[in-house]
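As provided, query13.txt (compact mmCIF, C-alpha atoms and all ligand atoms) reads as follows.
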```txt
# COMPACT_ATOMS: atom_id res chain seq x y z
CA MET E 1 -33.63 -23.51 19.59
CA GLN E 2 -30.20 -23.11 21.15
CA ILE E 3 -28.50 -19.71 20.69
CA ILE E 4 -24.72 -19.68 20.94
CA ILE E 5 -22.68 -16.50 21.20
CA PRO E 6 -18.94 -17.11 20.60
CA GLU E 7 -16.23 -15.71 22.84
CA GLY E 8 -15.07 -12.24 21.77
CA SER E 9 -18.45 -11.22 20.29
CA GLY E 10 -19.29 -7.50 20.53
CA PHE E 11 -17.26 -4.39 21.34
CA CYS E 12 -13.50 -4.92 21.11
CA PRO E 13 -11.20 -3.78 23.96
CA GLY E 14 -10.35 -0.57 22.04
CA VAL E 15 -13.99 0.48 21.74
CA ILE E 16 -14.80 -0.51 25.36
CA ALA E 17 -11.95 1.71 26.61
CA ALA E 18 -12.90 4.60 24.31
CA GLU E 19 -16.57 4.44 25.33
CA LYS E 20 -15.59 4.62 29.01
CA LYS E 21 -13.49 7.73 28.34
CA LEU E 22 -16.21 9.31 26.21
CA LEU E 23 -18.81 8.91 28.96
CA LYS E 24 -16.34 10.39 31.47
CA ILE E 25 -15.82 13.41 29.18
CA ARG E 26 -19.63 13.70 28.99
CA LYS E 27 -19.93 13.67 32.77
CA GLU E 28 -17.23 16.29 33.27
CA ASN E 29 -18.27 18.76 30.56
CA LYS E 30 -21.38 20.73 29.68
CA GLY E 31 -22.77 21.43 26.19
CA PRO E 32 -22.60 19.38 23.02
CA ILE E 33 -19.75 16.99 22.32
CA TYR E 34 -18.74 16.59 18.70
CA ILE E 35 -17.07 13.49 17.26
CA SER E 36 -14.89 13.12 14.18
CA GLY E 37 -17.41 11.20 12.07
CA MET E 38 -19.01 8.16 13.66
CA PHE E 39 -17.66 7.09 17.06
CA ILE E 40 -18.01 3.53 15.84
CA HIS E 41 -19.56 2.39 12.57
CA ASN E 42 -23.00 1.70 13.90
CA LYS E 43 -26.05 3.86 13.13
CA GLU E 44 -28.05 2.53 16.10
CA TYR E 45 -25.22 3.44 18.50
CA GLU E 46 -25.03 6.88 16.93
CA LYS E 47 -28.70 7.45 17.85
CA TYR E 48 -27.92 6.26 21.38
CA LEU E 49 -25.07 8.80 21.73
CA ASN E 50 -27.30 11.58 20.36
CA GLY E 51 -29.37 11.04 23.51
CA PHE E 52 -26.34 12.25 25.52
CA ASN E 53 -25.90 15.30 23.27
CA ILE E 54 -22.91 13.59 21.63
CA LYS E 55 -23.05 13.94 17.88
CA LYS E 56 -20.89 13.45 14.85
CA THR E 57 -19.57 16.32 12.81
CA GLU E 58 -18.17 16.17 9.29
CA ASN E 59 -17.03 19.80 9.47
CA PRO E 60 -15.11 20.37 12.69
CA PHE E 61 -13.67 23.62 11.28
CA ASP E 62 -17.16 25.11 11.41
CA LEU E 63 -17.55 24.46 15.15
CA PRO E 64 -17.61 27.43 17.53
CA GLU E 65 -14.35 28.15 19.35
CA ASP E 66 -13.68 26.00 22.46
CA SER E 67 -16.21 23.35 21.44
CA ILE E 68 -15.49 19.86 22.70
CA PHE E 69 -14.21 17.69 19.90
CA VAL E 70 -13.48 13.98 20.29
CA ILE E 71 -11.28 11.99 17.93
CA ALA E 72 -12.88 8.57 17.50
CA THR E 73 -10.99 5.25 17.72
CA HIS E 74 -10.12 5.34 13.98
CA GLY E 75 -7.97 8.46 14.42
CA ILE E 76 -7.88 11.43 12.05
CA ASP E 77 -5.52 13.23 9.66
CA ARG E 78 -2.58 14.57 11.72
CA ASN E 79 -2.68 18.00 10.00
CA ILE E 80 -6.38 18.43 10.70
CA GLU E 81 -5.77 17.43 14.33
CA ALA E 82 -2.98 20.00 14.73
CA ASN E 83 -5.18 22.76 13.28
CA LEU E 84 -8.20 21.87 15.38
CA GLU E 85 -6.14 21.85 18.57
CA LYS E 86 -5.57 25.59 18.09
CA ARG E 87 -9.23 26.47 18.61
CA LEU E 88 -11.13 23.49 20.05
CA LYS E 89 -10.92 21.38 23.20
CA VAL E 90 -9.68 18.17 21.59
CA PHE E 91 -9.86 14.75 23.29
CA ASP E 92 -7.99 12.03 21.47
CA LEU E 93 -9.67 8.62 21.81
CA THR E 94 -7.77 7.00 18.94
CA CYS E 95 -7.31 3.31 19.76
CA PRO E 96 -3.73 2.65 20.99
CA LYS E 97 -3.40 0.02 18.24
CA VAL E 98 -4.16 2.61 15.55
CA LYS E 99 -1.82 5.09 17.28
CA GLN E 100 0.94 2.51 17.07
CA ILE E 101 0.49 2.18 13.28
CA GLN E 102 0.53 5.97 12.90
CA LYS E 103 3.80 6.02 14.84
CA LEU E 104 5.35 3.23 12.75
CA ILE E 105 4.39 4.98 9.52
CA ALA E 106 5.97 8.22 10.74
CA GLN E 107 9.13 6.34 11.73
CA ASN E 108 9.34 4.89 8.21
CA SER E 109 8.80 8.16 6.37
CA ASP E 110 12.02 7.60 4.37
CA LYS E 111 10.15 4.81 2.55
CA THR E 112 7.07 4.56 0.34
CA CYS E 113 4.42 3.31 2.77
CA ILE E 114 2.06 0.71 1.34
CA ILE E 115 -1.20 0.72 3.28
CA ILE E 116 -3.62 -2.17 2.83
CA GLY E 117 -7.00 -0.62 3.57
CA LYS E 118 -10.27 0.80 2.39
CA GLU E 119 -10.28 4.06 0.40
CA GLY E 120 -12.14 6.78 2.29
CA HIS E 121 -12.17 4.90 5.61
CA PRO E 122 -11.36 7.31 8.48
CA GLU E 123 -8.56 5.07 9.74
CA THR E 124 -6.75 4.96 6.37
CA THR E 125 -7.30 8.70 5.90
CA GLY E 126 -5.52 9.22 9.20
CA LEU E 127 -2.75 6.70 8.46
CA LYS E 128 -1.95 8.28 5.07
CA SER E 129 -1.29 11.62 6.74
CA TYR E 130 1.66 10.12 8.68
CA ALA E 131 3.47 9.02 5.49
CA SER E 132 5.52 11.27 3.24
CA SER E 133 4.71 9.01 0.31
CA TYR E 134 2.10 6.24 0.26
CA ILE E 135 0.20 3.79 -1.92
CA LEU E 136 -3.20 2.51 -0.82
CA ILE E 137 -4.09 -1.07 -1.78
CA SER E 138 -7.80 -1.83 -1.44
CA SER E 139 -8.09 -4.93 -3.63
CA GLN E 140 -6.16 -7.62 -5.49
CA GLU E 141 -6.60 -5.61 -8.71
CA ASN E 142 -4.76 -2.62 -7.19
CA LEU E 143 -1.64 -4.74 -6.86
CA TYR E 144 -1.28 -5.06 -10.62
CA GLU E 145 -1.83 -1.42 -11.54
CA PRO E 146 1.16 0.06 -13.44
CA THR E 147 1.09 3.16 -11.19
CA ILE E 148 2.47 1.03 -8.33
CA LEU E 149 5.70 0.26 -10.16
CA GLU E 150 5.93 3.88 -11.32
CA LYS E 151 5.67 5.17 -7.77
CA ILE E 152 8.12 2.59 -6.43
CA LYS E 153 10.70 3.66 -8.99
CA GLU E 154 10.82 7.05 -7.21
CA ASN E 155 11.86 5.39 -3.95
CA ARG E 156 12.98 1.76 -4.01
CA LYS E 157 12.44 1.31 -0.27
CA ILE E 158 8.99 0.32 0.96
CA ALA E 159 7.23 -0.44 4.24
CA LEU E 160 3.99 -2.43 4.27
CA PHE E 161 1.16 -1.77 6.76
CA SER E 162 -2.47 -2.69 7.12
CA GLN E 163 -5.61 -0.98 8.33
CA THR E 164 -6.51 -2.77 11.59
CA THR E 165 -9.63 -4.35 10.06
CA SER E 166 -8.21 -5.35 6.67
CA SER E 167 -8.31 -8.87 5.31
CA LEU E 168 -5.37 -11.11 6.15
CA ALA E 169 -5.60 -12.70 2.69
CA LEU E 170 -5.08 -9.34 0.94
CA PHE E 171 -2.28 -8.47 3.36
CA ASN E 172 -0.50 -11.78 2.65
CA ASP E 173 -0.96 -11.45 -1.12
CA SER E 174 0.49 -7.92 -0.97
CA LYS E 175 3.38 -9.09 1.18
CA ASN E 176 4.23 -11.85 -1.34
CA PHE E 177 3.88 -9.41 -4.24
CA PHE E 178 6.38 -6.93 -2.77
CA LEU E 179 8.79 -9.64 -1.59
CA LYS E 180 8.82 -10.93 -5.18
CA LEU E 181 9.63 -7.42 -6.46
CA LYS E 182 12.51 -7.36 -3.98
CA LYS E 183 13.71 -10.78 -5.18
CA ASP E 184 13.57 -9.53 -8.78
CA GLY E 185 15.71 -6.55 -7.84
CA LYS E 186 12.95 -3.98 -8.46
CA ILE E 187 12.91 -2.92 -4.80
CA GLU E 188 15.88 -2.32 -2.56
CA GLU E 189 14.25 -2.79 0.84
CA VAL E 190 10.93 -4.18 2.12
CA LYS E 191 9.81 -3.86 5.73
CA ILE E 192 6.65 -5.76 6.66
CA PHE E 193 4.38 -4.76 9.54
CA ASN E 194 1.31 -6.93 10.06
CA THR E 195 -0.88 -4.36 11.81
CA ILE E 196 -4.20 -6.18 11.56
CA CYS E 197 -5.92 -6.04 14.94
CA THR E 198 -5.61 -9.35 16.79
CA SER E 199 -8.94 -8.88 18.57
CA VAL E 200 -10.68 -8.83 15.16
CA GLN E 201 -8.83 -11.99 14.14
CA TYR E 202 -9.64 -13.68 17.47
CA ARG E 203 -13.39 -13.00 17.12
CA GLU E 204 -13.37 -14.39 13.57
CA GLN E 205 -11.47 -17.50 14.58
CA LYS E 206 -13.86 -18.19 17.50
CA ALA E 207 -16.91 -17.52 15.31
CA ILE E 208 -15.66 -19.92 12.62
CA GLU E 209 -15.02 -22.62 15.24
CA VAL E 210 -18.49 -22.25 16.80
CA SER E 211 -20.27 -22.02 13.42
CA ARG E 212 -19.01 -25.50 12.50
CA ASN E 213 -21.35 -26.94 15.14
CA CYS E 214 -24.33 -24.73 14.36
CA ASP E 215 -27.08 -25.01 11.73
CA VAL E 216 -27.08 -21.33 10.89
CA SER E 217 -25.04 -18.20 11.74
CA ILE E 218 -26.17 -14.61 12.14
CA VAL E 219 -23.68 -11.73 11.94
CA LEU E 220 -24.82 -8.58 13.67
CA GLY E 221 -23.26 -5.29 12.59
CA ASP E 222 -23.67 -2.12 10.58
CA TYR E 223 -23.66 -2.73 6.82
CA LEU E 224 -21.08 0.06 6.43
CA SER E 225 -18.68 -1.28 9.04
CA SER E 226 -15.49 -2.88 7.64
CA ASN E 227 -15.06 -5.32 10.49
CA SER E 228 -18.73 -6.45 10.27
CA LYS E 229 -18.49 -7.06 6.54
CA ARG E 230 -15.21 -8.88 6.91
CA LEU E 231 -16.66 -11.12 9.66
CA TYR E 232 -19.61 -11.97 7.40
CA ASP E 233 -17.41 -12.63 4.34
CA ASN E 234 -15.07 -14.92 6.26
CA LEU E 235 -17.92 -16.92 7.77
CA LYS E 236 -19.64 -17.13 4.39
CA GLN E 237 -16.52 -18.70 2.88
CA LYS E 238 -16.81 -21.59 5.37
CA ASN E 239 -20.55 -21.92 5.63
CA ASP E 240 -23.57 -21.45 3.32
CA GLU E 241 -26.08 -20.56 5.98
CA VAL E 242 -24.87 -17.15 7.16
CA TYR E 243 -27.04 -14.03 7.40
CA PHE E 244 -25.97 -10.44 7.98
CA ILE E 245 -28.32 -8.11 9.84
CA GLU E 246 -27.95 -4.62 11.27
CA LYS E 247 -30.64 -4.36 13.92
CA PRO E 248 -33.33 -6.39 15.74
CA ASP E 249 -36.06 -5.47 13.20
CA ASP E 250 -34.00 -7.07 10.40
CA LEU E 251 -34.61 -10.46 11.99
CA SER E 252 -38.05 -10.50 10.32
CA LYS E 253 -36.32 -10.62 6.90
CA ILE E 254 -34.57 -13.91 7.68
CA ILE E 255 -37.07 -15.49 10.04
CA ASN E 256 -38.15 -18.20 7.55
CA ASN E 257 -34.54 -19.36 7.19
CA ILE E 258 -33.89 -19.73 10.90
CA LYS E 259 -37.17 -20.63 12.61
CA ASP E 260 -36.75 -24.41 12.24
CA LYS E 261 -33.07 -24.58 13.16
CA ASN E 262 -31.83 -26.21 16.35
CA LYS E 263 -28.53 -24.39 16.86
CA VAL E 264 -28.08 -20.74 15.92
CA MET E 265 -24.81 -18.83 16.29
CA LEU E 266 -25.18 -15.11 16.92
CA VAL E 267 -21.99 -13.08 16.60
CA SER E 268 -21.60 -9.30 16.83
CA SER E 269 -18.90 -7.24 15.16
CA ALA E 270 -16.41 -5.07 17.08
CA SER E 271 -18.69 -2.09 16.56
CA THR E 272 -21.98 -3.61 17.71
CA PRO E 273 -23.20 -2.48 21.14
CA SER E 274 -24.36 -5.12 23.60
CA PHE E 275 -27.89 -3.64 23.81
CA ILE E 276 -28.44 -4.59 20.14
CA GLU E 277 -27.01 -8.08 20.64
CA ASP E 278 -29.18 -8.61 23.75
CA SER E 279 -32.27 -7.51 21.91
CA VAL E 280 -31.66 -9.87 18.95
CA LYS E 281 -30.85 -12.70 21.36
CA ASN E 282 -34.12 -12.16 23.26
CA MET E 283 -36.10 -12.16 20.01
CA LEU E 284 -34.44 -15.44 19.03
CA ILE E 285 -35.23 -16.97 22.43
CA LYS E 286 -38.88 -15.96 21.97
CA LEU E 287 -38.90 -17.43 18.48
CA GLY E 288 -37.34 -20.66 19.75
CA SER E 289 -39.88 -21.11 22.54
CA SER E 290 -42.86 -20.39 20.28
CA GLY E 291 -41.87 -23.12 17.77
S1 LIG Y 1 -10.86 -3.29 16.32
FE1 LIG Y 1 -8.80 -3.35 17.24
S2 LIG Y 1 -7.84 -1.50 16.47
FE2 LIG Y 1 -10.00 -1.21 16.14
S3 LIG Y 1 -10.73 -0.15 17.97
FE3 LIG Y 1 -10.95 -2.34 18.35
S4 LIG Y 1 -9.08 -2.95 19.44
FE4 LIG Y 1 -8.69 -0.97 18.43
```
What's the structure tokens form of this structure?
Amino acid sequence: MQIIIPEGSGFCPGVIAAEKKLLKIRKENKGPIYISGMFIHNKEYEKYLNGFNIKKTENPFDLPEDSIFVIATHGIDRNIEANLEKRLKVFDLTCPKVKQIQKLIAQNSDKTCIIIGKEGHPETTGLKSYASSYILISSQENLYEPTILEKIKENRKIALFSQTTSSLALFNDSKNFFLKLKKDGKIEEVKIFNTICTSVQYREQKAIEVSRNCDVSIVLGDYLSSNSKRLYDNLKQKNDEVYFIEKPDDLSKIINNIKDKNKVMLVSSASTPSFIEDSVKNMLIKLGSSG
């Protein structure tokens, strides 16, 4: 069995840089370090960080004064950040790409900001806080809800943005939808910002290319991670034999589907640490040599 890992698999540049900074903060400070939710969407990595006394908190306002609080790569609500800075030691590890979207949204606060993203995702929660008026589009169906036209009537200027890990198809459909409204005279101005992260797109493109020459593909990532799910969905559209697993133990669930294959592609999402990928790869090598 040949195991092929495409270029770009694993942590993205934003997470690599944030992890480096986080471990530096750990080295230079004593006591627990609290993170705004999950540092990355990966439960196994969360356990790993717990070993360094780095843990997530859902209630940063309950933390004792002067606690160390780290903003994860997704960013947080700007009002919460400003309040927390008054009593905690805050380290901002928001990915520069997310920061850039926050900045663009703030610069376009005279418009209704349309954000293509997942409801409740920490990144979109943060992005919304930079807009004076916003509409969140999470699916095709959202585009045809009457509330959209109602809200647009209040301000006929719009700016379109995307969560970094959103689907390009939904972004393009939304773009065409709003450009049509402009053409029909229902909107005065449309500004389009494609803010989907290129490193996510690059990984997907490479994975799709490699999967064409493989018998089966395995996507490795947390089931709750947007970029993992999107990677799986996009590969599944091109190929029938794609499996989505979270951790090495999950391999046992799909073993019968892969054990007789010659070429297996293993690709990790942007939020999958290399120690998980290495472990799955070693299990596959073992499986291949025992066949
Ligand atoms: S996926 Fe892109 S935006 Fe998100 S942390 Fe990585 S580099 Fe930054």
>> My list of candidates is E:Asn227, E:Thr164, E:Ser279, E:Ser271. Which is closest to Gln100 in chain E when distances are computed with all atoms listed in the file?
In response: E:Thr164
Sorted by chain and rising residue number, which residues of chain E lie within 7 Å of ligand LIG 1 (chain Y), and what are their closest atom pairs and distances in Å to one decimal, counting only C-alpha atoms and all ligand atoms, as a Markdown table?
```
| residue | atom | partner | partner_atom | distance |
| --- | --- | --- | --- | --- |
| E:Cys12 | CA | Y:LIG1 | FE3 | 4.6 |
| E:Pro13 | CA | Y:LIG1 | S4 | 5.1 |
| E:Gly14 | CA | Y:LIG1 | S4 | 3.7 |
| E:Val15 | CA | Y:LIG1 | S3 | 5.0 |
| E:Thr73 | CA | Y:LIG1 | S3 | 5.4 |
| E:His74 | CA | Y:LIG1 | S3 | 6.8 |
| E:Cys95 | CA | Y:LIG1 | FE4 | 4.7 |
| E:Pro96 | CA | Y:LIG1 | FE4 | 6.7 |
| E:Lys97 | CA | Y:LIG1 | S2 | 5.0 |
| E:Val98 | CA | Y:LIG1 | S2 | 5.6 |
| E:Thr164 | CA | Y:LIG1 | S2 | 5.2 |
| E:Thr165 | CA | Y:LIG1 | S1 | 6.5 |
| E:Cys197 | CA | Y:LIG1 | FE1 | 4.6 |
| E:Thr198 | CA | Y:LIG1 | FE1 | 6.8 |
| E:Ser199 | CA | Y:LIG1 | FE1 | 5.7 |
| E:Val200 | CA | Y:LIG1 | S1 | 5.7 |
| E:Ala270 | CA | Y:LIG1 | S1 | 5.9 |
```
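Residue nearest Arg212 in chain E within the list E:Leu160, E:Ile4, E:Leu143, E:Ile276: E:Ile4 [criterion: smallest interatomic distance, all atoms listed in the file].
Across the model, the gap from CA of Ile71 in chain E to CA of Thr112 in chain E is 26.5 Å.
Considering the residues E:Arg26, E:Ala131, E:Ile54, E:Tyr223 and counting all atoms listed in the file, Asn79 in chain E has its shortest atom-to-atom contact with E:Ala131.
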>> Report as a VMD selection string all protein, DNA and RNA residues lying within 8 Å of Ser228 in chain E, evaluated on only C-alpha atoms, omitting residues in the same chain fewer than 3 positions from it.
In response: chain E and resid 219 to 225 231 to 232 268 to 271
> Skipping near chain neighbours, those fewer than 5 positions away, what residues fall within 7 Å of range 248-265 of chain E using only C-alpha atoms, listed as a PyMOL selection string?
Replying inline: chain E and resi 1-5+211+214-218+276+279-280+287
>> Which residues are near Ala169 in chain E? Cut-off 10 Å, only C-alpha atoms, ignore same chain within fewer than 5 positions. Put them as an MDAnalysis selection string.
In response: chainID E and resid 140 174:175
>> Taking all atoms listed in the file into account, name the residue in E:Asn53, E:Asn234, E:Lys111, E:Ile148 that is nearest to Glu189 in chain E.
In response: E:Lys111
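Counting only C-alpha atoms and comparing E:Glu145, E:Leu93, E:Glu65, E:Lys55, the residue that lies closest to Glu19 in chain E is E:Leu93.
Near Phe178 in chain E, within 12 Å and counting all atoms listed in the file, sit E:Thr112, E:Cys113, E:Ile114, E:Leu143, E:Tyr144, E:Ile148, E:Leu149, E:Ile152, E:Arg156, E:Lys157, E:Ile158, E:Ala159, E:Leu160, E:Phe171, E:Asn172, E:Asp173, E:Ser174, E:Lys182, E:Lys183, E:Asp184, E:Gly185, E:Lys186, E:Ile187, E:Glu188, E:Glu189, E:Val190, E:Lys191, E:Ile192, not including residues fewer than 4 positions from it in the same chain.
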Those same residues - C-alpha atoms - I'd like them written as a compact mmCIF listing (two decimals), keeping the file's coordinate frame.
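As written to disk, part-v9.txt reads:
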```txt
# COMPACT_ATOMS: atom_id res chain seq x y z
CA THR E 112 7.07 4.56 0.34
CA CYS E 113 4.42 3.31 2.77
CA ILE E 114 2.06 0.71 1.34
CA LEU E 143 -1.64 -4.74 -6.86
CA TYR E 144 -1.28 -5.06 -10.62
CA ILE E 148 2.47 1.03 -8.33
CA LEU E 149 5.70 0.26 -10.16
CA ILE E 152 8.12 2.59 -6.43
CA ARG E 156 12.98 1.76 -4.01
CA LYS E 157 12.44 1.31 -0.27
CA ILE E 158 8.99 0.32 0.96
CA ALA E 159 7.23 -0.44 4.24
CA LEU E 160 3.99 -2.43 4.27
CA PHE E 171 -2.28 -8.47 3.36
CA ASN E 172 -0.50 -11.78 2.65
CA ASP E 173 -0.96 -11.45 -1.12
CA SER E 174 0.49 -7.92 -0.97
CA LYS E 182 12.51 -7.36 -3.98
CA LYS E 183 13.71 -10.78 -5.18
CA ASP E 184 13.57 -9.53 -8.78
CA GLY E 185 15.71 -6.55 -7.84
CA LYS E 186 12.95 -3.98 -8.46
CA ILE E 187 12.91 -2.92 -4.80
CA GLU E 188 15.88 -2.32 -2.56
CA GLU E 189 14.25 -2.79 0.84
CA VAL E 190 10.93 -4.18 2.12
CA LYS E 191 9.81 -3.86 5.73
CA ILE E 192 6.65 -5.76 6.66
```
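Nearest-residue note for Asp233 in chain E: choosing from E:Asn155, E:Ser166, E:Asn213, E:Thr272, the minimum distance belongs to E:Ser166, counting only C-alpha atoms.
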> What lies within 12 Å of Gln163 in chain E using only C-alpha atoms, ignoring chain neighbours under 3 positions off, as a ChimeraX atom specification?
Replying inline: /E:74-75,97-102,105,114-128,136-138,160,166-168,170-171,193-198,200,226-227
>> One number please: CA of Val90 in chain E to CA of Ala17 in chain E, in Å, one decimal.
In response: 17.4 Å
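Atom pair CA of Lys27 in chain E / CA of Pro64 in chain E has a distance of 20.7 Å (rounded to one decimal).
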